[in-house]
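Enquirer: See entry.txt below, with compact mmCIF, N, CA and C atoms.
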```
# COMPACT_ATOMS: atom_id res chain seq x y z
N GLU A 10 96.28 120.70 110.62
CA GLU A 10 96.29 120.04 111.91
C GLU A 10 96.03 118.56 111.72
N ILE A 11 96.77 117.77 112.41
CA ILE A 11 96.60 116.33 112.31
C ILE A 11 95.22 115.88 112.84
N GLU A 12 94.61 116.70 113.68
CA GLU A 12 93.29 116.36 114.23
C GLU A 12 92.16 116.71 113.26
N HIS A 13 92.46 117.44 112.19
CA HIS A 13 91.46 117.88 111.20
C HIS A 13 92.10 117.86 109.82
N LEU A 14 92.25 116.69 109.25
CA LEU A 14 92.93 116.54 107.98
C LEU A 14 92.08 117.10 106.84
N PRO A 15 92.68 117.83 105.93
CA PRO A 15 91.93 118.43 104.80
C PRO A 15 91.74 117.43 103.66
N LEU A 16 91.19 116.27 103.98
CA LEU A 16 90.98 115.21 103.00
C LEU A 16 89.56 114.68 103.13
N ALA A 17 89.04 114.16 102.03
CA ALA A 17 87.70 113.60 102.02
C ALA A 17 87.66 112.27 102.76
N ASP A 18 86.49 111.91 103.24
CA ASP A 18 86.29 110.61 103.87
C ASP A 18 86.70 109.49 102.91
N ALA A 19 87.33 108.47 103.44
CA ALA A 19 87.68 107.26 102.68
C ALA A 19 88.38 107.58 101.37
N SER A 20 89.38 108.47 101.41
CA SER A 20 90.01 108.94 100.18
C SER A 20 91.47 108.52 100.01
N VAL A 21 92.09 107.89 101.00
CA VAL A 21 93.51 107.52 100.88
C VAL A 21 93.72 106.04 101.22
N ASP A 22 94.79 105.49 100.66
CA ASP A 22 95.11 104.08 100.88
C ASP A 22 95.96 103.85 102.13
N ILE A 23 96.80 104.83 102.46
CA ILE A 23 97.70 104.66 103.60
C ILE A 23 97.94 106.00 104.28
N VAL A 24 98.05 105.96 105.59
CA VAL A 24 98.42 107.12 106.40
C VAL A 24 99.74 106.76 107.07
N ILE A 25 100.72 107.64 106.92
CA ILE A 25 102.04 107.44 107.51
C ILE A 25 102.34 108.63 108.41
N SER A 26 102.85 108.37 109.60
CA SER A 26 103.22 109.44 110.51
C SER A 26 104.54 109.09 111.18
N ASN A 27 105.43 110.06 111.22
CA ASN A 27 106.73 109.85 111.84
C ASN A 27 106.91 110.85 112.98
N CYS A 28 106.61 110.40 114.19
CA CYS A 28 106.82 111.20 115.40
C CYS A 28 106.05 112.52 115.37
N VAL A 29 104.77 112.43 115.02
CA VAL A 29 103.91 113.61 114.98
C VAL A 29 102.76 113.49 115.98
N VAL A 30 102.16 112.32 116.09
CA VAL A 30 100.99 112.14 116.94
C VAL A 30 101.32 112.51 118.39
N ASN A 31 102.53 112.23 118.85
CA ASN A 31 102.84 112.54 120.25
C ASN A 31 102.84 114.03 120.53
N LEU A 32 102.88 114.86 119.50
CA LEU A 32 102.80 116.32 119.69
C LEU A 32 101.36 116.82 119.71
N SER A 33 100.42 115.98 119.33
CA SER A 33 99.01 116.37 119.29
C SER A 33 98.43 116.46 120.69
N PRO A 34 97.68 117.53 120.96
CA PRO A 34 97.01 117.61 122.27
C PRO A 34 95.82 116.65 122.37
N ASP A 35 95.34 116.14 121.22
CA ASP A 35 94.20 115.22 121.21
C ASP A 35 94.53 114.03 120.31
N LYS A 36 95.31 113.12 120.85
CA LYS A 36 95.78 111.97 120.08
C LYS A 36 94.63 111.09 119.61
N ALA A 37 93.61 110.91 120.43
CA ALA A 37 92.45 110.10 120.04
C ALA A 37 91.79 110.69 118.79
N GLN A 38 91.67 112.00 118.74
CA GLN A 38 91.09 112.65 117.56
C GLN A 38 91.99 112.49 116.34
N ALA A 39 93.29 112.54 116.52
CA ALA A 39 94.21 112.33 115.40
C ALA A 39 94.02 110.93 114.80
N PHE A 40 93.85 109.93 115.64
CA PHE A 40 93.62 108.57 115.14
C PHE A 40 92.24 108.44 114.50
N ARG A 41 91.22 109.12 115.05
CA ARG A 41 89.90 109.10 114.41
C ARG A 41 89.96 109.72 113.02
N GLU A 42 90.74 110.78 112.88
CA GLU A 42 90.90 111.42 111.57
C GLU A 42 91.62 110.50 110.59
N ALA A 43 92.65 109.83 111.03
CA ALA A 43 93.35 108.89 110.16
C ALA A 43 92.38 107.81 109.69
N PHE A 44 91.56 107.31 110.61
CA PHE A 44 90.57 106.29 110.26
C PHE A 44 89.57 106.84 109.25
N ARG A 45 89.11 108.06 109.48
CA ARG A 45 88.11 108.69 108.60
C ARG A 45 88.60 108.80 107.17
N VAL A 46 89.84 109.23 106.97
CA VAL A 46 90.33 109.48 105.61
C VAL A 46 90.77 108.21 104.89
N LEU A 47 91.00 107.13 105.62
CA LEU A 47 91.41 105.87 105.00
C LEU A 47 90.24 105.18 104.30
N LYS A 48 90.55 104.61 103.15
CA LYS A 48 89.59 103.75 102.47
C LYS A 48 89.45 102.45 103.27
N PRO A 49 88.30 101.78 103.19
CA PRO A 49 88.20 100.47 103.83
C PRO A 49 89.32 99.56 103.33
N GLY A 50 89.99 98.90 104.26
CA GLY A 50 91.15 98.07 103.93
C GLY A 50 92.45 98.86 103.92
N GLY A 51 92.37 100.18 104.10
CA GLY A 51 93.56 101.03 104.13
C GLY A 51 94.36 100.81 105.40
N ARG A 52 95.64 101.20 105.34
CA ARG A 52 96.54 100.98 106.47
C ARG A 52 97.08 102.28 107.02
N MET A 53 97.40 102.24 108.29
CA MET A 53 98.10 103.33 108.96
C MET A 53 99.38 102.75 109.54
N VAL A 54 100.48 103.45 109.32
CA VAL A 54 101.75 103.06 109.93
C VAL A 54 102.30 104.30 110.62
N VAL A 55 102.53 104.20 111.92
CA VAL A 55 103.06 105.33 112.68
C VAL A 55 104.32 104.91 113.42
N SER A 56 105.23 105.84 113.48
CA SER A 56 106.43 105.70 114.30
C SER A 56 106.36 106.86 115.28
N ASP A 57 106.44 106.57 116.55
CA ASP A 57 106.23 107.62 117.53
C ASP A 57 106.94 107.30 118.83
N LEU A 58 107.00 108.30 119.69
CA LEU A 58 107.54 108.11 121.04
C LEU A 58 106.38 107.90 121.99
N VAL A 59 106.49 106.87 122.82
CA VAL A 59 105.50 106.58 123.85
C VAL A 59 106.23 106.38 125.16
N LEU A 60 105.47 106.31 126.22
CA LEU A 60 106.06 106.17 127.55
C LEU A 60 105.88 104.76 128.09
N ALA A 61 106.96 104.18 128.58
CA ALA A 61 106.89 102.90 129.28
C ALA A 61 106.43 103.14 130.72
N THR A 62 106.77 104.31 131.27
CA THR A 62 106.37 104.71 132.63
C THR A 62 105.99 106.19 132.60
N GLU A 63 105.22 106.58 133.58
CA GLU A 63 104.80 107.99 133.70
C GLU A 63 106.01 108.90 133.88
N LEU A 64 105.87 110.12 133.38
CA LEU A 64 106.88 111.16 133.61
C LEU A 64 106.48 111.99 134.82
N SER A 65 107.43 112.61 135.46
CA SER A 65 107.13 113.50 136.58
C SER A 65 106.39 114.73 136.07
N GLU A 66 105.71 115.40 136.98
CA GLU A 66 105.00 116.63 136.62
C GLU A 66 105.97 117.69 136.10
N ASP A 67 107.16 117.75 136.66
CA ASP A 67 108.16 118.72 136.20
C ASP A 67 108.49 118.51 134.73
N VAL A 68 108.67 117.26 134.33
CA VAL A 68 109.00 116.98 132.93
C VAL A 68 107.78 117.22 132.06
N ARG A 69 106.61 116.79 132.50
CA ARG A 69 105.39 117.01 131.72
C ARG A 69 105.14 118.49 131.47
N GLY A 70 105.53 119.34 132.40
CA GLY A 70 105.32 120.78 132.26
C GLY A 70 106.47 121.52 131.59
N SER A 71 107.49 120.83 131.20
CA SER A 71 108.67 121.44 130.62
C SER A 71 108.48 121.71 129.12
N VAL A 72 108.60 122.97 128.73
CA VAL A 72 108.52 123.33 127.32
C VAL A 72 109.66 122.65 126.55
N GLU A 73 110.83 122.63 127.14
CA GLU A 73 111.98 121.99 126.50
C GLU A 73 111.71 120.50 126.26
N ALA A 74 111.10 119.83 127.21
CA ALA A 74 110.79 118.41 127.05
C ALA A 74 109.67 118.21 126.03
N TYR A 75 108.73 119.15 125.95
CA TYR A 75 107.67 119.06 124.94
C TYR A 75 108.25 119.21 123.54
N VAL A 76 109.09 120.22 123.36
CA VAL A 76 109.74 120.44 122.07
C VAL A 76 110.64 119.26 121.72
N GLY A 77 111.17 118.60 122.72
CA GLY A 77 111.99 117.41 122.51
C GLY A 77 111.17 116.16 122.27
N CYS A 78 109.86 116.32 122.07
CA CYS A 78 108.93 115.22 121.75
C CYS A 78 108.76 114.23 122.89
N VAL A 79 108.97 114.68 124.13
CA VAL A 79 108.87 113.79 125.27
C VAL A 79 107.66 114.11 126.14
N ALA A 80 107.47 115.37 126.50
CA ALA A 80 106.43 115.73 127.47
C ALA A 80 105.02 115.44 126.98
N GLY A 81 104.79 115.43 125.68
CA GLY A 81 103.46 115.16 125.14
C GLY A 81 103.18 113.71 124.87
N ALA A 82 104.13 112.84 125.11
CA ALA A 82 103.96 111.42 124.80
C ALA A 82 102.95 110.76 125.73
N SER A 83 102.23 109.79 125.20
CA SER A 83 101.25 109.00 125.97
C SER A 83 101.89 107.73 126.49
N LEU A 84 101.28 107.18 127.50
CA LEU A 84 101.67 105.84 127.92
C LEU A 84 101.41 104.87 126.77
N ARG A 85 102.28 103.89 126.62
CA ARG A 85 102.18 102.92 125.53
C ARG A 85 100.79 102.32 125.43
N ALA A 86 100.25 101.85 126.53
CA ALA A 86 98.92 101.21 126.54
C ALA A 86 97.83 102.18 126.10
N ASP A 87 97.90 103.43 126.54
CA ASP A 87 96.89 104.43 126.15
C ASP A 87 96.96 104.73 124.66
N TYR A 88 98.16 104.81 124.13
CA TYR A 88 98.37 105.07 122.70
C TYR A 88 97.71 103.97 121.87
N LEU A 89 97.96 102.72 122.25
CA LEU A 89 97.37 101.60 121.52
C LEU A 89 95.86 101.54 121.69
N LYS A 90 95.36 101.89 122.88
CA LYS A 90 93.90 101.93 123.10
C LYS A 90 93.25 102.99 122.22
N ASP A 91 93.90 104.15 122.06
CA ASP A 91 93.36 105.21 121.20
C ASP A 91 93.26 104.74 119.75
N ILE A 92 94.23 103.96 119.30
CA ILE A 92 94.19 103.43 117.93
C ILE A 92 93.00 102.48 117.79
N ALA A 93 92.83 101.58 118.74
CA ALA A 93 91.71 100.63 118.69
C ALA A 93 90.37 101.34 118.81
N ALA A 94 90.28 102.33 119.69
CA ALA A 94 89.02 103.05 119.88
C ALA A 94 88.60 103.82 118.63
N ALA A 95 89.56 104.20 117.80
CA ALA A 95 89.24 104.89 116.55
C ALA A 95 88.60 103.95 115.54
N GLY A 96 88.71 102.64 115.75
CA GLY A 96 88.10 101.67 114.86
C GLY A 96 89.09 100.76 114.15
N PHE A 97 90.38 101.00 114.34
CA PHE A 97 91.40 100.20 113.67
C PHE A 97 91.40 98.77 114.20
N ARG A 98 91.79 97.85 113.32
CA ARG A 98 91.93 96.45 113.68
C ARG A 98 93.30 95.96 113.22
N ASP A 99 93.63 94.74 113.55
CA ASP A 99 94.92 94.15 113.19
C ASP A 99 96.06 95.07 113.60
N ILE A 100 95.97 95.60 114.81
CA ILE A 100 96.98 96.51 115.34
C ILE A 100 98.20 95.68 115.71
N GLU A 101 99.33 96.06 115.15
CA GLU A 101 100.55 95.29 115.35
C GLU A 101 101.71 96.23 115.69
N VAL A 102 102.37 95.99 116.80
CA VAL A 102 103.59 96.72 117.14
C VAL A 102 104.71 96.07 116.36
N LEU A 103 105.27 96.81 115.41
CA LEU A 103 106.31 96.27 114.54
C LEU A 103 107.68 96.32 115.18
N GLU A 104 107.90 97.33 116.01
CA GLU A 104 109.22 97.51 116.60
C GLU A 104 109.11 98.42 117.82
N GLU A 105 109.92 98.14 118.81
CA GLU A 105 110.04 99.00 119.99
C GLU A 105 111.51 99.09 120.36
N ARG A 106 111.93 100.30 120.67
CA ARG A 106 113.31 100.51 121.12
C ARG A 106 113.31 101.53 122.24
N SER A 107 114.17 101.28 123.20
CA SER A 107 114.35 102.23 124.29
C SER A 107 114.92 103.53 123.73
N TYR A 108 114.43 104.64 124.24
CA TYR A 108 114.96 105.95 123.85
C TYR A 108 116.43 106.00 124.23
N GLY A 109 116.71 105.64 125.46
CA GLY A 109 118.08 105.44 125.93
C GLY A 109 118.99 106.63 125.96
N GLU A 110 120.08 106.46 126.63
CA GLU A 110 121.08 107.51 126.80
C GLU A 110 121.66 108.00 125.48
N ALA A 111 121.75 107.13 124.49
CA ALA A 111 122.36 107.50 123.21
C ALA A 111 121.58 108.61 122.51
N ALA A 112 120.27 108.75 122.81
CA ALA A 112 119.44 109.76 122.15
C ALA A 112 119.55 111.13 122.81
N LEU A 113 120.26 111.22 123.92
CA LEU A 113 120.33 112.47 124.66
C LEU A 113 121.44 113.36 124.14
N PHE A 114 121.13 114.63 124.07
CA PHE A 114 122.10 115.60 123.54
C PHE A 114 122.49 116.65 124.57
N GLY A 115 122.26 116.37 125.81
CA GLY A 115 122.58 117.32 126.87
C GLY A 115 122.49 116.65 128.21
N ASP A 116 122.59 117.46 129.25
CA ASP A 116 122.61 116.91 130.59
C ASP A 116 121.44 117.39 131.43
N ALA A 117 120.37 117.86 130.77
CA ALA A 117 119.20 118.34 131.51
C ALA A 117 118.55 117.18 132.27
N GLU A 118 117.98 117.48 133.42
CA GLU A 118 117.34 116.46 134.25
C GLU A 118 116.22 115.75 133.46
N TRP A 119 115.44 116.50 132.68
CA TRP A 119 114.34 115.87 131.94
C TRP A 119 114.88 114.83 130.96
N MET A 120 116.07 115.06 130.44
CA MET A 120 116.65 114.10 129.49
C MET A 120 117.02 112.78 130.17
N ARG A 121 117.52 112.87 131.38
CA ARG A 121 117.86 111.65 132.11
C ARG A 121 116.59 110.86 132.44
N GLU A 122 115.53 111.58 132.82
CA GLU A 122 114.27 110.90 133.11
C GLU A 122 113.68 110.30 131.83
N ALA A 123 113.75 111.04 130.73
CA ALA A 123 113.23 110.56 129.45
C ALA A 123 113.94 109.29 129.00
N ALA A 124 115.23 109.23 129.22
CA ALA A 124 116.01 108.06 128.80
C ALA A 124 115.48 106.79 129.43
N LYS A 125 114.90 106.90 130.61
CA LYS A 125 114.36 105.73 131.31
C LYS A 125 112.91 105.44 130.95
N ALA A 126 112.16 106.47 130.54
CA ALA A 126 110.72 106.32 130.35
C ALA A 126 110.26 106.19 128.91
N VAL A 127 111.00 106.75 127.97
CA VAL A 127 110.52 106.87 126.60
C VAL A 127 110.96 105.69 125.74
N VAL A 128 110.02 105.24 124.90
CA VAL A 128 110.24 104.15 123.96
C VAL A 128 109.83 104.63 122.58
N SER A 129 110.63 104.31 121.57
CA SER A 129 110.26 104.55 120.18
C SER A 129 109.49 103.32 119.71
N MET A 130 108.30 103.54 119.14
CA MET A 130 107.45 102.42 118.76
C MET A 130 106.92 102.63 117.34
N LYS A 131 106.92 101.56 116.56
CA LYS A 131 106.33 101.57 115.22
C LYS A 131 105.12 100.65 115.25
N VAL A 132 103.99 101.18 114.76
CA VAL A 132 102.72 100.45 114.82
C VAL A 132 102.07 100.45 113.44
N ARG A 133 101.50 99.32 113.08
CA ARG A 133 100.71 99.22 111.85
C ARG A 133 99.30 98.81 112.26
N ALA A 134 98.29 99.41 111.60
CA ALA A 134 96.90 99.08 111.87
C ALA A 134 96.11 99.20 110.57
N VAL A 135 94.96 98.53 110.53
CA VAL A 135 94.15 98.47 109.31
C VAL A 135 92.74 98.97 109.61
N ARG A 136 92.21 99.74 108.67
CA ARG A 136 90.79 100.08 108.72
C ARG A 136 90.05 98.92 108.09
N PRO A 137 89.18 98.26 108.84
CA PRO A 137 88.50 97.08 108.30
C PRO A 137 87.69 97.41 107.05
N ALA A 138 87.66 96.48 106.11
CA ALA A 138 86.82 96.63 104.92
C ALA A 138 85.36 96.57 105.36
N GLY A 139 84.53 97.33 104.69
CA GLY A 139 83.11 97.30 104.98
C GLY A 139 82.68 98.18 106.14
N VAL A 140 83.61 98.94 106.72
CA VAL A 140 83.28 99.83 107.82
C VAL A 140 83.21 101.25 107.28
N GLY A 141 82.08 101.92 107.47
CA GLY A 141 81.91 103.27 106.97
C GLY A 141 82.77 104.27 107.71
N PRO A 142 82.95 105.47 107.14
CA PRO A 142 83.79 106.49 107.77
C PRO A 142 83.21 106.98 109.09
N GLN A 143 84.09 107.32 110.00
CA GLN A 143 83.68 107.95 111.24
C GLN A 143 83.95 109.43 111.09
N PRO A 144 82.93 110.27 111.25
CA PRO A 144 83.17 111.70 111.07
C PRO A 144 84.06 112.25 112.16
N SER A 145 84.82 113.29 111.80
CA SER A 145 85.63 113.97 112.81
C SER A 145 84.70 114.69 113.77
N ASP A 146 85.22 115.08 114.92
CA ASP A 146 84.41 115.81 115.91
C ASP A 146 83.80 117.06 115.30
N ALA A 147 84.56 117.80 114.49
CA ALA A 147 84.07 119.04 113.89
C ALA A 147 82.89 118.76 112.97
N ARG A 148 82.96 117.73 112.18
CA ARG A 148 81.88 117.38 111.25
C ARG A 148 80.65 116.93 112.04
N ALA A 149 80.84 116.18 113.11
CA ALA A 149 79.73 115.72 113.91
C ALA A 149 79.02 116.91 114.56
N LEU A 150 79.79 117.89 115.03
CA LEU A 150 79.19 119.07 115.62
C LEU A 150 78.38 119.85 114.61
N LYS A 151 78.86 119.99 113.39
CA LYS A 151 78.13 120.70 112.33
C LYS A 151 76.82 119.99 112.03
N ALA A 152 76.83 118.66 112.01
CA ALA A 152 75.64 117.90 111.72
C ALA A 152 74.59 118.05 112.81
N ASP A 153 75.05 118.23 114.05
CA ASP A 153 74.13 118.36 115.19
C ASP A 153 73.56 119.76 115.32
N GLY A 154 74.15 120.72 114.71
CA GLY A 154 73.59 122.03 114.93
C GLY A 154 74.41 123.09 114.40
```
Now that the file is in, can you turn its structure into structure tokens?

Expert:
Amino acid sequence: EIEHLPLADASVDIVISNCVVNLSPDKAQAFREAFRVLKPGGRMVVSDLVLATELSEDVRGSVEAYVGCVAGASLRADYLKDIAAAGFRDIEVLEERSYGEAALFGDAEWMREAAKAVVSMKVRAVRPAGVGPQPSDARALKADG
């Protein structure tokens, strides 16, 4: 699970994700885990789908839209806030592209709505040097009891 990586604290130089975080039910935890496993000065680069505008409840509840990597996407601002809240710095949006009509492979209503709302975004962020690991939620719970 991306929310509970089987890696030691501060053990990797780079975390790369290609359209996976948007499928996580707890994106903030996924970013905390990426931060935890990175060595100080390590980088994270993610490419993901985010929302420029909210989706309707119908689309958010659609299994087909979820499997299509749309229904689970976060608003762009929330996605970037989750990265910062995990402790990352030097957060840089490297590229953004509209999902657009060209990405659609059918005529479902959710696809037309997605074409207007979804953006493909590439982000780079750095775990600052000198910052200790942040334990995952599971590790923090074990320590508390």

Enquirer: From the options A:Val24, A:Met53, A:Met120, A:Val30, which residue's atoms come nearest to Ile11 (chain A), counting only C-alpha atoms?

Expert: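 Closest to Ile11 (chain A) of all the choices is A:Val30.
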
Enquirer: Calculate how many Å separate CA of Glu105 (chain A) from CA of Arg133 (chain A), rounding to one decimal.

Expert: 12.4 Å

Enquirer: Could you give me, as a list of chain:residue names, the residues within 9 Å of Val55 (chain A), counting only C-alpha atoms and dropping anything in the same chain fewer than 6 positions from it?

Expert: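 Once the adjacent positions are removed, what remains is A:Val24, A:Ile25, A:Ser26, A:Asn27, A:Cys28, A:Val29, A:Val30, A:Met130, A:Lys131, A:Val132, A:Arg133, A:Ala134.
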
Enquirer: What are the DSSP strand (DSSP E) residues of chain A, as a tab-separated table (two decimals) with N, CA and C atoms, keeping the file's coordinate frame?

Expert:
```tsv
chain	number	residue	atom	x	y	z
A	21	VAL	N	92.09	107.89	101.00
A	21	VAL	CA	93.51	107.52	100.88
A	21	VAL	C	93.72	106.04	101.22
A	22	ASP	N	94.79	105.49	100.66
A	22	ASP	CA	95.11	104.08	100.88
A	22	ASP	C	95.96	103.85	102.13
A	23	ILE	N	96.80	104.83	102.46
A	23	ILE	CA	97.70	104.66	103.60
A	23	ILE	C	97.94	106.00	104.28
A	24	VAL	N	98.05	105.96	105.59
A	24	VAL	CA	98.42	107.12	106.40
A	24	VAL	C	99.74	106.76	107.07
A	25	ILE	N	100.72	107.64	106.92
A	25	ILE	CA	102.04	107.44	107.51
A	25	ILE	C	102.34	108.63	108.41
A	26	SER	N	102.85	108.37	109.60
A	26	SER	CA	103.22	109.44	110.51
A	26	SER	C	104.54	109.09	111.18
A	27	ASN	N	105.43	110.06	111.22
A	27	ASN	CA	106.73	109.85	111.84
A	27	ASN	C	106.91	110.85	112.98
A	47	LEU	N	91.00	107.13	105.62
A	47	LEU	CA	91.41	105.87	105.00
A	47	LEU	C	90.24	105.18	104.30
A	48	LYS	N	90.55	104.61	103.15
A	48	LYS	CA	89.59	103.75	102.47
A	48	LYS	C	89.45	102.45	103.27
A	49	PRO	N	88.30	101.78	103.19
A	49	PRO	CA	88.20	100.47	103.83
A	49	PRO	C	89.32	99.56	103.33
A	50	GLY	N	89.99	98.90	104.26
A	50	GLY	CA	91.15	98.07	103.93
A	50	GLY	C	92.45	98.86	103.92
A	51	GLY	N	92.37	100.18	104.10
A	51	GLY	CA	93.56	101.03	104.13
A	51	GLY	C	94.36	100.81	105.40
A	52	ARG	N	95.64	101.20	105.34
A	52	ARG	CA	96.54	100.98	106.47
A	52	ARG	C	97.08	102.28	107.02
A	53	MET	N	97.40	102.24	108.29
A	53	MET	CA	98.10	103.33	108.96
A	53	MET	C	99.38	102.75	109.54
A	54	VAL	N	100.48	103.45	109.32
A	54	VAL	CA	101.75	103.06	109.93
A	54	VAL	C	102.30	104.30	110.62
A	55	VAL	N	102.53	104.20	111.92
A	55	VAL	CA	103.06	105.33	112.68
A	55	VAL	C	104.32	104.91	113.42
A	56	SER	N	105.23	105.84	113.48
A	56	SER	CA	106.43	105.70	114.30
A	56	SER	C	106.36	106.86	115.28
A	57	ASP	N	106.44	106.57	116.55
A	57	ASP	CA	106.23	107.62	117.53
A	57	ASP	C	106.94	107.30	118.83
A	58	LEU	N	107.00	108.30	119.69
A	58	LEU	CA	107.54	108.11	121.04
A	58	LEU	C	106.38	107.90	121.99
A	59	VAL	N	106.49	106.87	122.82
A	59	VAL	CA	105.50	106.58	123.85
A	59	VAL	C	106.23	106.38	125.16
A	60	LEU	N	105.47	106.31	126.22
A	60	LEU	CA	106.06	106.17	127.55
A	60	LEU	C	105.88	104.76	128.09
A	98	ARG	N	91.79	97.85	113.32
A	98	ARG	CA	91.93	96.45	113.68
A	98	ARG	C	93.30	95.96	113.22
A	99	ASP	N	93.63	94.74	113.55
A	99	ASP	CA	94.92	94.15	113.19
A	99	ASP	C	96.06	95.07	113.60
A	100	ILE	N	95.97	95.60	114.81
A	100	ILE	CA	96.98	96.51	115.34
A	100	ILE	C	98.20	95.68	115.71
A	101	GLU	N	99.33	96.06	115.15
A	101	GLU	CA	100.55	95.29	115.35
A	101	GLU	C	101.71	96.23	115.69
A	102	VAL	N	102.37	95.99	116.80
A	102	VAL	CA	103.59	96.72	117.14
A	102	VAL	C	104.71	96.07	116.36
A	103	LEU	N	105.27	96.81	115.41
A	103	LEU	CA	106.31	96.27	114.54
A	103	LEU	C	107.68	96.32	115.18
A	104	GLU	N	107.90	97.33	116.01
A	104	GLU	CA	109.22	97.51	116.60
A	104	GLU	C	109.11	98.42	117.82
A	105	GLU	N	109.92	98.14	118.81
A	105	GLU	CA	110.04	99.00	119.99
A	105	GLU	C	111.51	99.09	120.36
A	106	ARG	N	111.93	100.30	120.67
A	106	ARG	CA	113.31	100.51	121.12
A	106	ARG	C	113.31	101.53	122.24
A	107	SER	N	114.17	101.28	123.20
A	107	SER	CA	114.35	102.23	124.29
A	107	SER	C	114.92	103.53	123.73
A	127	VAL	N	111.00	106.75	127.97
A	127	VAL	CA	110.52	106.87	126.60
A	127	VAL	C	110.96	105.69	125.74
A	128	VAL	N	110.02	105.24	124.90
A	128	VAL	CA	110.24	104.15	123.96
A	128	VAL	C	109.83	104.63	122.58
A	129	SER	N	110.63	104.31	121.57
A	129	SER	CA	110.26	104.55	120.18
A	129	SER	C	109.49	103.32	119.71
A	130	MET	N	108.30	103.54	119.14
A	130	MET	CA	107.45	102.42	118.76
A	130	MET	C	106.92	102.63	117.34
A	131	LYS	N	106.92	101.56	116.56
A	131	LYS	CA	106.33	101.57	115.22
A	131	LYS	C	105.12	100.65	115.25
A	132	VAL	N	103.99	101.18	114.76
A	132	VAL	CA	102.72	100.45	114.82
A	132	VAL	C	102.07	100.45	113.44
A	133	ARG	N	101.50	99.32	113.08
A	133	ARG	CA	100.71	99.22	111.85
A	133	ARG	C	99.30	98.81	112.26
A	134	ALA	N	98.29	99.41	111.60
A	134	ALA	CA	96.90	99.08	111.87
A	134	ALA	C	96.11	99.20	110.57
A	135	VAL	N	94.96	98.53	110.53
A	135	VAL	CA	94.15	98.47	109.31
A	135	VAL	C	92.74	98.97	109.61
```

Enquirer: Given only C-alpha atoms as the basis, pick out the residue of A:Ile23, A:Leu14, A:Ala123, A:Leu89 nearest to Ala74 (chain A).

Expert: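 Closest candidate: A:Ala123.
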
Enquirer: In Å, rounded to a single decimal, give me how far CA of Val59 (chain A) is from CA of Ala82 (chain A).

Expert: 5.2 Å

Enquirer: In Å, how far is it from atom C of Glu10 (chain A) to atom C of Val46 (chain A)?

Expert: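 Atom C of Val46 (chain A) lies at a distance of 13.5 Å from atom C of Glu10 (chain A).
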